[in-house]
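Peer 1: protein07.cif (mmCIF, C-alpha atoms) pasted underneath:
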```cif
data_start
loop_
_atom_site.label_atom_id
_atom_site.label_comp_id
_atom_site.auth_asym_id
_atom_site.auth_seq_id
_atom_site.Cartn_x
_atom_site.Cartn_y
_atom_site.Cartn_z
CA MET A 1 151.68 61.50 112.20
CA GLY A 2 150.54 58.03 113.30
CA ARG A 3 152.44 54.83 112.77
CA ARG A 4 151.34 52.53 109.98
CA PRO A 5 149.42 49.40 111.08
CA GLY A 6 151.68 46.47 111.83
CA LEU A 7 153.72 44.79 114.51
CA SER A 8 155.77 47.09 116.68
CA VAL A 9 159.50 46.59 117.10
CA ARG A 10 158.95 45.66 120.75
CA LEU A 11 156.45 42.92 119.81
CA LYS A 12 158.76 41.63 117.06
CA LEU A 13 161.66 41.43 119.52
CA THR A 14 159.43 39.68 122.08
CA ILE A 15 158.34 37.07 119.55
CA SER A 16 161.96 36.63 118.48
CA TYR A 17 163.12 36.11 122.09
CA ALA A 18 160.33 33.61 122.78
CA GLY A 19 160.96 31.83 119.48
CA PHE A 20 164.67 31.42 120.16
CA LEU A 21 163.89 30.21 123.69
CA MET A 22 161.44 27.61 122.34
CA LEU A 23 163.98 26.56 119.74
CA ALA A 24 166.59 26.09 122.46
CA GLY A 25 164.11 23.97 124.46
CA ALA A 26 163.29 21.86 121.42
CA LEU A 27 166.98 21.30 120.73
CA LEU A 28 167.47 20.25 124.34
CA LEU A 29 164.65 17.68 124.05
CA ALA A 30 166.15 16.45 120.80
CA VAL A 31 169.47 15.92 122.53
CA VAL A 32 167.73 13.96 125.32
CA TRP A 33 166.02 11.77 122.72
CA LEU A 34 169.16 11.14 120.68
CA PHE A 35 171.59 10.50 123.50
CA LEU A 36 169.37 9.01 126.20
CA LEU A 37 166.01 7.57 125.18
CA ARG A 38 167.29 5.75 122.14
CA TYR A 39 169.39 3.52 124.38
CA VAL A 40 166.29 2.44 126.36
CA PRO A 41 164.99 -0.92 125.07
CA VAL A 42 161.68 -1.00 123.27
CA ASN A 43 160.57 -4.46 124.49
CA THR A 44 159.39 -5.33 127.97
CA LEU A 45 162.17 -6.66 130.17
CA TYR A 46 162.30 -8.21 133.60
CA GLY A 47 165.36 -8.11 135.76
CA PRO A 48 166.34 -9.41 139.20
CA GLY A 49 164.42 -6.56 140.72
CA GLY A 50 161.33 -7.12 138.67
CA TYR A 51 159.86 -5.12 135.77
CA ILE A 52 162.17 -2.72 133.89
CA PRO A 53 160.45 0.33 132.24
CA ASN A 54 160.87 0.35 128.50
CA ARG A 55 160.95 3.25 126.02
CA GLY A 56 157.18 3.52 125.80
CA ASP A 57 156.87 3.83 129.57
CA LEU A 58 159.44 6.62 129.66
CA LEU A 59 157.79 8.47 126.78
CA ARG A 60 154.37 8.34 128.43
CA ALA A 61 155.88 9.72 131.62
CA PHE A 62 158.21 12.27 129.97
CA LEU A 63 156.20 13.80 127.13
CA PRO A 64 153.37 15.41 129.19
CA ARG A 65 155.86 17.00 131.55
CA ALA A 66 158.05 18.11 128.63
CA ALA A 67 155.01 19.71 126.97
CA THR A 68 154.14 21.48 130.23
CA ALA A 69 157.72 22.72 130.55
CA MET A 70 157.68 23.98 126.95
CA PHE A 71 154.39 25.82 127.60
CA PHE A 72 155.79 27.58 130.66
CA LEU A 73 159.00 28.24 128.72
CA LEU A 74 156.91 29.96 126.04
CA LEU A 75 155.13 32.12 128.63
CA PHE A 76 158.45 32.96 130.28
CA GLY A 77 159.97 33.83 126.90
CA LEU A 78 157.06 36.13 125.98
CA ALA A 79 156.97 37.90 129.35
CA GLY A 80 160.73 38.17 129.70
CA GLY A 81 161.17 39.19 126.09
CA TRP A 82 158.52 41.92 126.44
CA ILE A 83 160.24 43.33 129.53
CA LEU A 84 163.75 43.12 128.07
CA ALA A 85 162.64 44.64 124.75
CA GLY A 86 160.97 47.51 126.62
CA ARG A 87 164.12 48.22 128.59
CA MET A 88 166.28 48.07 125.48
CA LEU A 89 163.96 50.32 123.45
CA ALA A 90 163.40 52.90 126.21
CA PRO A 91 166.20 55.16 124.86
CA LEU A 92 164.61 54.97 121.42
CA THR A 93 161.36 56.24 122.95
CA GLN A 94 163.23 59.27 124.30
CA ILE A 95 164.73 59.95 120.88
CA THR A 96 161.33 59.57 119.20
CA HIS A 97 159.78 62.04 121.67
CA ALA A 98 162.53 64.56 120.98
CA ALA A 99 162.10 64.08 117.22
CA ARG A 100 158.34 64.74 117.52
CA LEU A 101 159.01 67.93 119.46
CA ALA A 102 161.54 69.04 116.84
CA ALA A 103 159.07 68.28 114.04
CA GLY A 104 156.56 70.48 115.86
CA GLY A 105 159.03 73.39 115.89
CA SER A 106 160.55 72.97 119.36
CA LEU A 107 164.31 72.88 118.80
CA SER A 108 165.28 73.77 122.37
CA HIS A 109 164.54 70.30 123.78
CA ARG A 110 167.56 68.05 124.38
CA ILE A 111 167.59 64.33 125.11
CA GLY A 112 170.57 64.42 127.44
CA MET A 113 170.69 60.64 127.64
CA GLN A 114 172.59 59.15 130.57
CA GLY A 115 174.05 55.71 130.97
CA PRO A 116 176.72 53.68 129.19
CA ALA A 117 178.20 54.88 125.90
CA ASP A 118 176.34 52.41 123.69
CA GLU A 119 174.80 52.85 120.24
CA PHE A 120 171.66 54.52 121.59
CA ARG A 121 173.70 57.00 123.63
CA GLU A 122 175.76 57.84 120.55
CA LEU A 123 172.59 58.33 118.48
CA ALA A 124 171.10 60.58 121.17
CA ASP A 125 174.27 62.69 121.38
CA VAL A 126 174.37 63.11 117.60
CA PHE A 127 170.68 64.07 117.61
CA ASP A 128 171.27 66.65 120.37
CA ALA A 129 174.18 68.12 118.41
CA MET A 130 172.00 68.33 115.30
CA LEU A 131 169.23 70.10 117.26
CA HIS A 132 171.76 72.57 118.67
CA GLN A 133 173.11 73.31 115.21
CA HIS A 134 169.66 73.76 113.69
CA GLU A 135 168.51 75.96 116.56
CA ALA A 136 171.55 78.20 116.20
CA HIS A 137 171.11 78.34 112.42
CA LEU A 138 167.42 79.21 112.75
CA ALA A 139 168.16 81.92 115.30
CA GLU A 140 170.81 83.34 112.97
CA GLN A 141 168.40 83.32 110.04
CA GLN A 142 165.67 85.02 112.05
CA ARG A 143 168.07 87.68 113.32
CA PHE A 144 169.45 88.19 109.82
CA ALA A 145 165.95 88.44 108.30
CA ALA A 146 164.91 91.00 110.91
CA ASN A 147 168.04 93.10 110.32
CA ALA A 148 167.74 92.82 106.53
CA SER A 149 164.09 93.85 106.65
CA HIS A 150 164.99 96.86 108.77
CA GLU A 151 167.86 97.87 106.49
CA LEU A 152 165.78 97.45 103.31
CA ARG A 153 162.88 99.37 104.81
CA THR A 154 165.03 102.43 105.42
CA PRO A 155 165.78 103.34 101.76
CA LEU A 156 162.18 102.56 100.81
CA ALA A 157 160.89 104.89 103.52
CA ILE A 158 163.30 107.62 102.39
CA THR A 159 162.20 107.15 98.78
CA ARG A 160 158.54 107.48 99.75
CA ALA A 161 159.29 110.64 101.77
CA ILE A 162 161.13 112.21 98.83
CA LEU A 163 158.27 111.38 96.47
CA ASP A 164 155.71 112.78 98.92
CA VAL A 165 157.67 116.02 99.17
CA ALA A 166 157.95 116.22 95.37
CA ARG A 167 154.21 115.66 95.00
CA THR A 168 153.13 118.19 97.62
CA ASP A 169 155.71 120.85 96.68
CA PRO A 170 156.06 120.92 92.87
CA THR A 171 158.00 124.20 93.05
CA ARG A 172 161.12 122.55 94.51
CA ASP A 173 164.03 121.74 92.25
CA LYS A 174 163.46 118.34 90.60
CA ARG A 175 167.17 117.80 90.13
CA GLU A 176 167.63 117.78 93.92
CA HIS A 177 164.93 115.13 94.27
CA LEU A 178 166.43 113.04 91.47
CA GLU A 179 169.89 113.24 93.01
CA ARG A 180 168.61 112.11 96.40
CA LEU A 181 166.57 109.34 94.82
CA HIS A 182 169.65 108.20 92.90
CA LYS A 183 171.73 107.96 96.10
CA VAL A 184 169.01 106.12 98.00
CA ASN A 185 168.43 103.74 95.09
CA THR A 186 172.17 103.08 94.74
CA ARG A 187 172.39 102.19 98.41
CA ALA A 188 169.40 99.85 98.12
CA ILE A 189 171.04 98.13 95.14
CA ASP A 190 174.33 97.78 97.04
CA LEU A 191 172.51 96.26 99.99
CA THR A 192 170.61 93.81 97.77
CA GLU A 193 173.81 92.74 96.00
CA ALA A 194 175.53 92.26 99.34
CA LEU A 195 172.66 90.10 100.56
CA LEU A 196 172.83 87.98 97.40
CA LEU A 197 176.60 87.62 97.74
CA LEU A 198 176.24 86.62 101.39
CA SER A 199 173.67 83.98 100.43
CA ARG A 200 175.91 82.69 97.63
CA SER A 201 179.00 82.53 99.84
CA LYS A 202 177.08 80.31 102.28
CA GLY A 203 176.14 77.88 99.54
CA GLN A 204 177.82 74.59 98.80
CA GLY A 205 179.46 73.37 95.64
CA LEU A 206 181.70 76.38 95.01
CA ALA A 207 183.90 76.18 91.94
CA ARG A 208 187.42 75.56 93.20
CA GLU A 209 190.69 76.35 91.46
CA PRO A 210 194.28 77.06 92.51
CA VAL A 211 194.55 80.64 93.79
CA ASP A 212 197.62 82.63 94.83
CA LEU A 213 196.46 84.60 97.85
CA SER A 214 199.31 87.11 97.46
CA LEU A 215 198.13 88.05 93.95
CA ILE A 216 194.59 88.44 95.24
CA ALA A 217 195.85 90.74 97.99
CA GLU A 218 197.85 92.81 95.49
CA GLU A 219 194.88 93.12 93.11
CA ALA A 220 192.52 94.24 95.88
CA SER A 221 195.07 96.76 97.17
CA GLU A 222 195.63 98.20 93.68
CA THR A 223 191.87 98.65 93.29
CA LEU A 224 191.55 100.46 96.63
CA LEU A 225 194.71 102.54 96.26
CA PRO A 226 192.80 105.68 95.13
CA LEU A 227 190.64 105.49 98.28
CA ALA A 228 193.78 105.15 100.42
CA GLU A 229 195.40 108.13 98.68
CA GLN A 230 192.26 110.20 99.14
CA ARG A 231 192.30 109.51 102.88
CA GLN A 232 196.09 109.87 103.15
CA ILE A 233 196.49 106.27 104.25
CA THR A 234 199.72 104.34 103.66
CA LEU A 235 198.80 101.02 102.07
CA GLU A 236 201.52 98.36 102.13
CA VAL A 237 201.42 94.81 100.75
CA THR A 238 204.17 92.41 101.85
CA GLY A 239 204.74 88.70 102.17
CA GLU A 240 205.17 85.75 99.87
CA PRO A 241 203.17 83.80 97.28
CA THR A 242 200.91 81.32 99.05
CA GLN A 243 198.65 78.90 97.25
CA THR A 244 195.17 77.81 98.26
CA THR A 245 192.15 76.45 96.43
CA GLY A 246 188.72 78.03 96.08
CA SER A 247 186.72 80.61 94.19
CA ALA A 248 189.00 83.40 93.02
CA GLU A 249 186.01 85.76 92.72
CA LEU A 250 184.85 85.20 96.29
CA LEU A 251 188.38 85.35 97.70
CA LEU A 252 188.93 88.66 95.89
CA ARG A 253 185.71 90.01 97.42
CA MET A 254 186.88 88.78 100.83
CA VAL A 255 190.23 90.60 100.61
CA THR A 256 188.63 93.70 99.09
CA ASN A 257 186.13 93.96 101.95
CA LEU A 258 188.90 93.57 104.54
CA VAL A 259 191.20 96.15 102.95
CA GLN A 260 188.34 98.61 102.43
CA ASN A 261 187.28 98.27 106.06
CA ALA A 262 190.89 98.81 107.15
CA ILE A 263 191.05 102.03 105.10
CA VAL A 264 187.64 103.42 106.04
CA HIS A 265 187.83 102.61 109.76
CA ASN A 266 191.16 104.34 110.29
CA ILE A 267 192.45 107.57 111.77
CA ALA A 268 191.64 110.82 110.00
CA THR A 269 195.03 111.29 108.30
CA GLY A 270 198.39 109.57 108.32
CA GLY A 271 197.06 106.12 109.06
CA THR A 272 198.52 102.85 107.81
CA VAL A 273 197.19 99.58 106.43
CA THR A 274 199.48 96.57 106.09
CA VAL A 275 198.47 93.48 104.11
CA HIS A 276 200.72 90.45 104.61
CA THR A 277 200.54 86.96 103.12
CA ALA A 278 202.48 83.90 104.23
CA THR A 279 202.40 80.12 104.50
CA HIS A 280 202.50 78.99 108.11
CA HIS A 281 202.04 75.48 109.52
CA GLY A 282 200.30 74.19 106.40
CA ALA A 283 197.95 77.16 106.09
CA SER A 284 197.81 80.12 103.72
CA VAL A 285 197.66 83.16 106.00
CA LEU A 286 196.37 86.63 105.15
CA GLN A 287 196.90 89.23 107.85
CA ILE A 288 195.78 92.86 107.74
CA HIS A 289 196.88 95.48 110.29
CA ASN A 290 195.42 98.97 110.40
CA THR A 291 195.61 101.97 112.67
CA GLY A 292 192.39 103.41 113.99
CA PRO A 293 190.33 104.03 117.10
CA ARG A 294 190.66 101.74 120.10
CA LEU A 295 188.16 98.88 120.02
CA ARG A 296 186.82 97.04 123.03
CA PRO A 297 187.27 93.24 122.86
CA GLU A 298 183.55 92.68 123.43
CA LEU A 299 182.76 94.91 120.45
CA VAL A 300 185.28 93.15 118.21
CA GLN A 301 183.52 89.84 118.85
CA THR A 302 180.31 91.24 117.30
CA LEU A 303 181.83 92.75 114.15
CA THR A 304 181.11 89.67 112.02
CA GLU A 305 177.39 89.90 112.83
CA PRO A 306 175.32 91.17 109.88
CA PHE A 307 174.71 94.95 109.93
CA GLN A 308 177.12 95.45 112.84
CA ARG A 309 179.74 98.17 112.52
CA GLY A 310 182.71 99.08 114.64
CA THR A 311 181.33 102.60 114.92
CA GLN A 312 178.11 101.36 116.56
CA ARG A 313 176.13 101.45 113.28
CA ILE A 314 176.91 105.11 112.62
CA ARG A 315 177.01 105.80 108.89
CA THR A 316 179.25 108.18 107.06
CA THR A 317 178.42 109.88 103.80
CA GLU A 318 181.15 108.12 101.86
CA HIS A 319 181.92 104.43 101.65
CA ALA A 320 179.50 103.82 104.49
CA GLY A 321 178.89 100.24 103.46
CA VAL A 322 175.80 98.27 104.31
CA GLY A 323 177.00 96.52 107.45
CA LEU A 324 177.63 93.19 105.73
CA GLY A 325 181.34 93.46 104.93
CA LEU A 326 182.75 91.26 107.69
CA ALA A 327 179.70 89.00 107.65
CA ILE A 328 180.44 88.28 103.98
CA VAL A 329 184.12 87.77 104.81
CA GLN A 330 183.31 85.26 107.54
CA SER A 331 180.90 83.39 105.27
CA ILE A 332 183.49 83.18 102.47
CA VAL A 333 186.16 82.00 104.90
CA HIS A 334 183.89 79.26 106.25
CA ALA A 335 182.95 78.20 102.71
CA HIS A 336 186.68 77.70 102.05
CA HIS A 337 187.17 75.72 105.29
CA GLY A 338 189.24 78.47 106.87
CA THR A 339 189.23 80.53 110.06
CA LEU A 340 188.83 84.27 110.72
CA ASP A 341 190.34 85.95 113.79
CA LEU A 342 189.81 89.58 114.83
CA THR A 343 192.15 91.07 117.42
CA PRO A 344 192.22 94.72 118.60
CA ARG A 345 195.62 96.37 118.39
CA SER A 346 197.06 97.79 121.61
CA GLY A 347 197.52 101.24 120.07
CA GLY A 348 194.18 101.30 118.26
CA GLY A 349 192.94 99.60 115.13
CA LEU A 350 192.46 95.97 114.30
CA ILE A 351 194.42 92.87 113.29
CA VAL A 352 192.48 90.56 110.98
CA THR A 353 193.91 87.08 110.34
CA VAL A 354 192.51 84.68 107.74
CA ARG A 355 193.83 81.11 107.57
CA LEU A 356 192.98 78.95 104.57
CA PRO A 357 194.17 75.44 103.65
CA SER A 358 197.49 75.72 101.80
CA THR A 359 198.57 73.71 98.76
CA GLN A 360 202.27 74.59 98.66
CA ASN A 361 205.39 75.27 100.68
CA GLN A 362 206.84 78.67 101.34
CA GLY A 363 208.15 80.68 98.41
CA PRO A 364 210.03 83.92 97.70
CA VAL A 365 209.15 87.15 99.42
CA LEU A 366 207.38 90.02 97.67
CA SER A 367 206.73 93.58 98.81
CA MET A 368 204.62 96.47 97.56
CA THR A 369 204.16 99.80 99.31
CA ARG A 370 201.77 102.59 98.34
CA THR A 371 201.46 105.86 100.21
CA GLY A 372 198.81 108.50 99.87
CA PRO A 373 199.77 112.06 99.13
#
```
Rewrite the coordinates I just gave you, this time as structure tokens.

Peer 2:
Amino acid sequence: MGRRPGLSVRLKLTISYAGFLMLAGALLLAVVWLFLLRYVPVNTLYGPGGYIPNRGDLLRAFLPRAATAMFFLLLFGLAGGWILAGRMLAPLTQITHAARLAAGGSLSHRIGMQGPADEFRELADVFDAMLHQHEAHLAEQQRFAANASHELRTPLAITRAILDVARTDPTRDKREHLERLHKVNTRAIDLTEALLLLSRSKGQGLAREPVDLSLIAEEASETLLPLAEQRQITLEVTGEPTQTTGSAELLLRMVTNLVQNAIVHNIATGGTVTVHTATHHGASVLQIHNTGPRLRPELVQTLTEPFQRGTQRIRTTEHAGVGLGLAIVQSIVHAHHGTLDLTPRSGGGLIVTVRLPSTQNQGPVLSMTRTGP
């Protein structure tokens, strides 16, 4: 995109420099006139040494040389102003070049401006930080779109295979086909809803209200208690009321996803899940401990990536999830200006810690324990 016709900033600065220099010269001549020439007599005078130059003589001798000096001052102002303006605007040229590259789709270029920490350096650093953020966001979107496309293609491919089998072999039981189609369709719906929730949790302008994180934890645990009992998992909720602000619906989904993951990714029988809430150093803290297989630290760091599972993407037949549980949790935490930490337990399992801004001091302790049969 070309620049609109008109004077460039460099030319405007050059004219301004030259103009101020000419103005300074004119003021200097005015001072000479006011404080020197006006004291020179106008009439012709003769002294002991002969003829004394009067004001007219001095003007005729001074004005041509003053005009010549002003002309050279103008040339000096234009040339010097052009050079100085070019040196001052050189960083802006670098920034403009980087902006053109970014507009063309190249987000990997960085200005990396050197020199003193002036306004141009600050602008360049901010622009580099913005490019880094946009590049990371674009890479995340591309990776997420590729993973989502792959995950959505799987149930569609299974559906087409089931329909092809039903069309080529009409003697097979239709109820079996309908049951399989129902399961595949249910999984596709769950995946689509999870994608919509993930997109919503990344949005701005969430409705915020006072929320007691301990009540949210208790509600989520009560909902998942049958799953814990089925898997013979001891589910325990302890801690104290701790207030934060945010969307109660999204925070409930966050805690539900964490508790469900802690139950599903556990040992076969006799495992435990502990949910604890507290207020610590001005933050509302939710911490979930669970037993389970040993996890490598490098694997734990990838668990919040979309479609990544602690079991290396291996699905189970029940409560397999869609691989977006912790990605949704992380997005909800970030939308509430909090932090999410995942730490492998020494004996196996995981410790998940969520810190959200608190709105109250510590309160009384509560405790709830549920044990599967």

Peer 1: Could you work out how far atom CA of A:Ser106 lies from atom CA of A:Ser8, giving the answer in Å with one decimal?

Peer 2: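 These atoms are spaced 26.5 Å apart.
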
Peer 1: Which residues come within 7 Å of A:Leu326, counting all atoms listed in the file, excluding same-chain residues fewer than 4 positions away, as a list of chain:residue names?

Peer 2: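 Contacts, in chain order: A:Leu303, A:Thr304, A:Gln330.
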
Peer 1: Any idea what the distance is between atom CA of A:Gln133 and atom CA of A:Glu305?

Peer 2: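 Straight-line distance from atom CA of A:Gln133 to atom CA of A:Glu305 works out to 17.3 Å.
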
Peer 1: Identify, on the basis of only C-alpha atoms, every residue whose closest approach to stretch 341-357 of chain A does not exceed 9 Å; exclude the query and any residue fewer than 3 positions from it along the same chain; express the result as an MDAnalysis selection string.

Peer 2: chainID A and resid 243:245 258 262 265:267 280 282:297 300:301 303 333 336:338

Peer 1: Within 12 Å of (159.5, 37.5, 128.5) (file coordinates; all atoms listed in the file), which protein or nucleic acid residues are there? I'd like them as a list in words.

Peer 2: Arg10, Leu11, Leu13, Thr14, Ile15, Ser16, Tyr17, Ala18, Gly19, Phe20, Leu21, Met22, Phe72, Leu73, Leu74, Leu75, Phe76, Gly77, Leu78, Ala79, Gly80, Gly81, Trp82, Ile83, Leu84, Ala85, Gly86 and Arg87 of chain A

Peer 1: Write out the residues from the selection above, keeping C-alpha atoms, as an mmCIF file, in the frame of the given file.

Peer 2:
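Saved the output as selection.cif:
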```cif
data_model
loop_
_atom_site.group_PDB
_atom_site.id
_atom_site.type_symbol
_atom_site.label_atom_id
_atom_site.label_comp_id
_atom_site.auth_asym_id
_atom_site.auth_seq_id
_atom_site.Cartn_x
_atom_site.Cartn_y
_atom_site.Cartn_z
ATOM 1 C CA ARG A 10 158.950 45.660 120.750
ATOM 2 C CA LEU A 11 156.450 42.920 119.810
ATOM 3 C CA LEU A 13 161.660 41.430 119.520
ATOM 4 C CA THR A 14 159.430 39.680 122.080
ATOM 5 C CA ILE A 15 158.340 37.070 119.550
ATOM 6 C CA SER A 16 161.960 36.630 118.480
ATOM 7 C CA TYR A 17 163.120 36.110 122.090
ATOM 8 C CA ALA A 18 160.330 33.610 122.780
ATOM 9 C CA GLY A 19 160.960 31.830 119.480
ATOM 10 C CA PHE A 20 164.670 31.420 120.160
ATOM 11 C CA LEU A 21 163.890 30.210 123.690
ATOM 12 C CA MET A 22 161.440 27.610 122.340
ATOM 13 C CA PHE A 72 155.790 27.580 130.660
ATOM 14 C CA LEU A 73 159.000 28.240 128.720
ATOM 15 C CA LEU A 74 156.910 29.960 126.040
ATOM 16 C CA LEU A 75 155.130 32.120 128.630
ATOM 17 C CA PHE A 76 158.450 32.960 130.280
ATOM 18 C CA GLY A 77 159.970 33.830 126.900
ATOM 19 C CA LEU A 78 157.060 36.130 125.980
ATOM 20 C CA ALA A 79 156.970 37.900 129.350
ATOM 21 C CA GLY A 80 160.730 38.170 129.700
ATOM 22 C CA GLY A 81 161.170 39.190 126.090
ATOM 23 C CA TRP A 82 158.520 41.920 126.440
ATOM 24 C CA ILE A 83 160.240 43.330 129.530
ATOM 25 C CA LEU A 84 163.750 43.120 128.070
ATOM 26 C CA ALA A 85 162.640 44.640 124.750
ATOM 27 C CA GLY A 86 160.970 47.510 126.620
ATOM 28 C CA ARG A 87 164.120 48.220 128.590
#
```
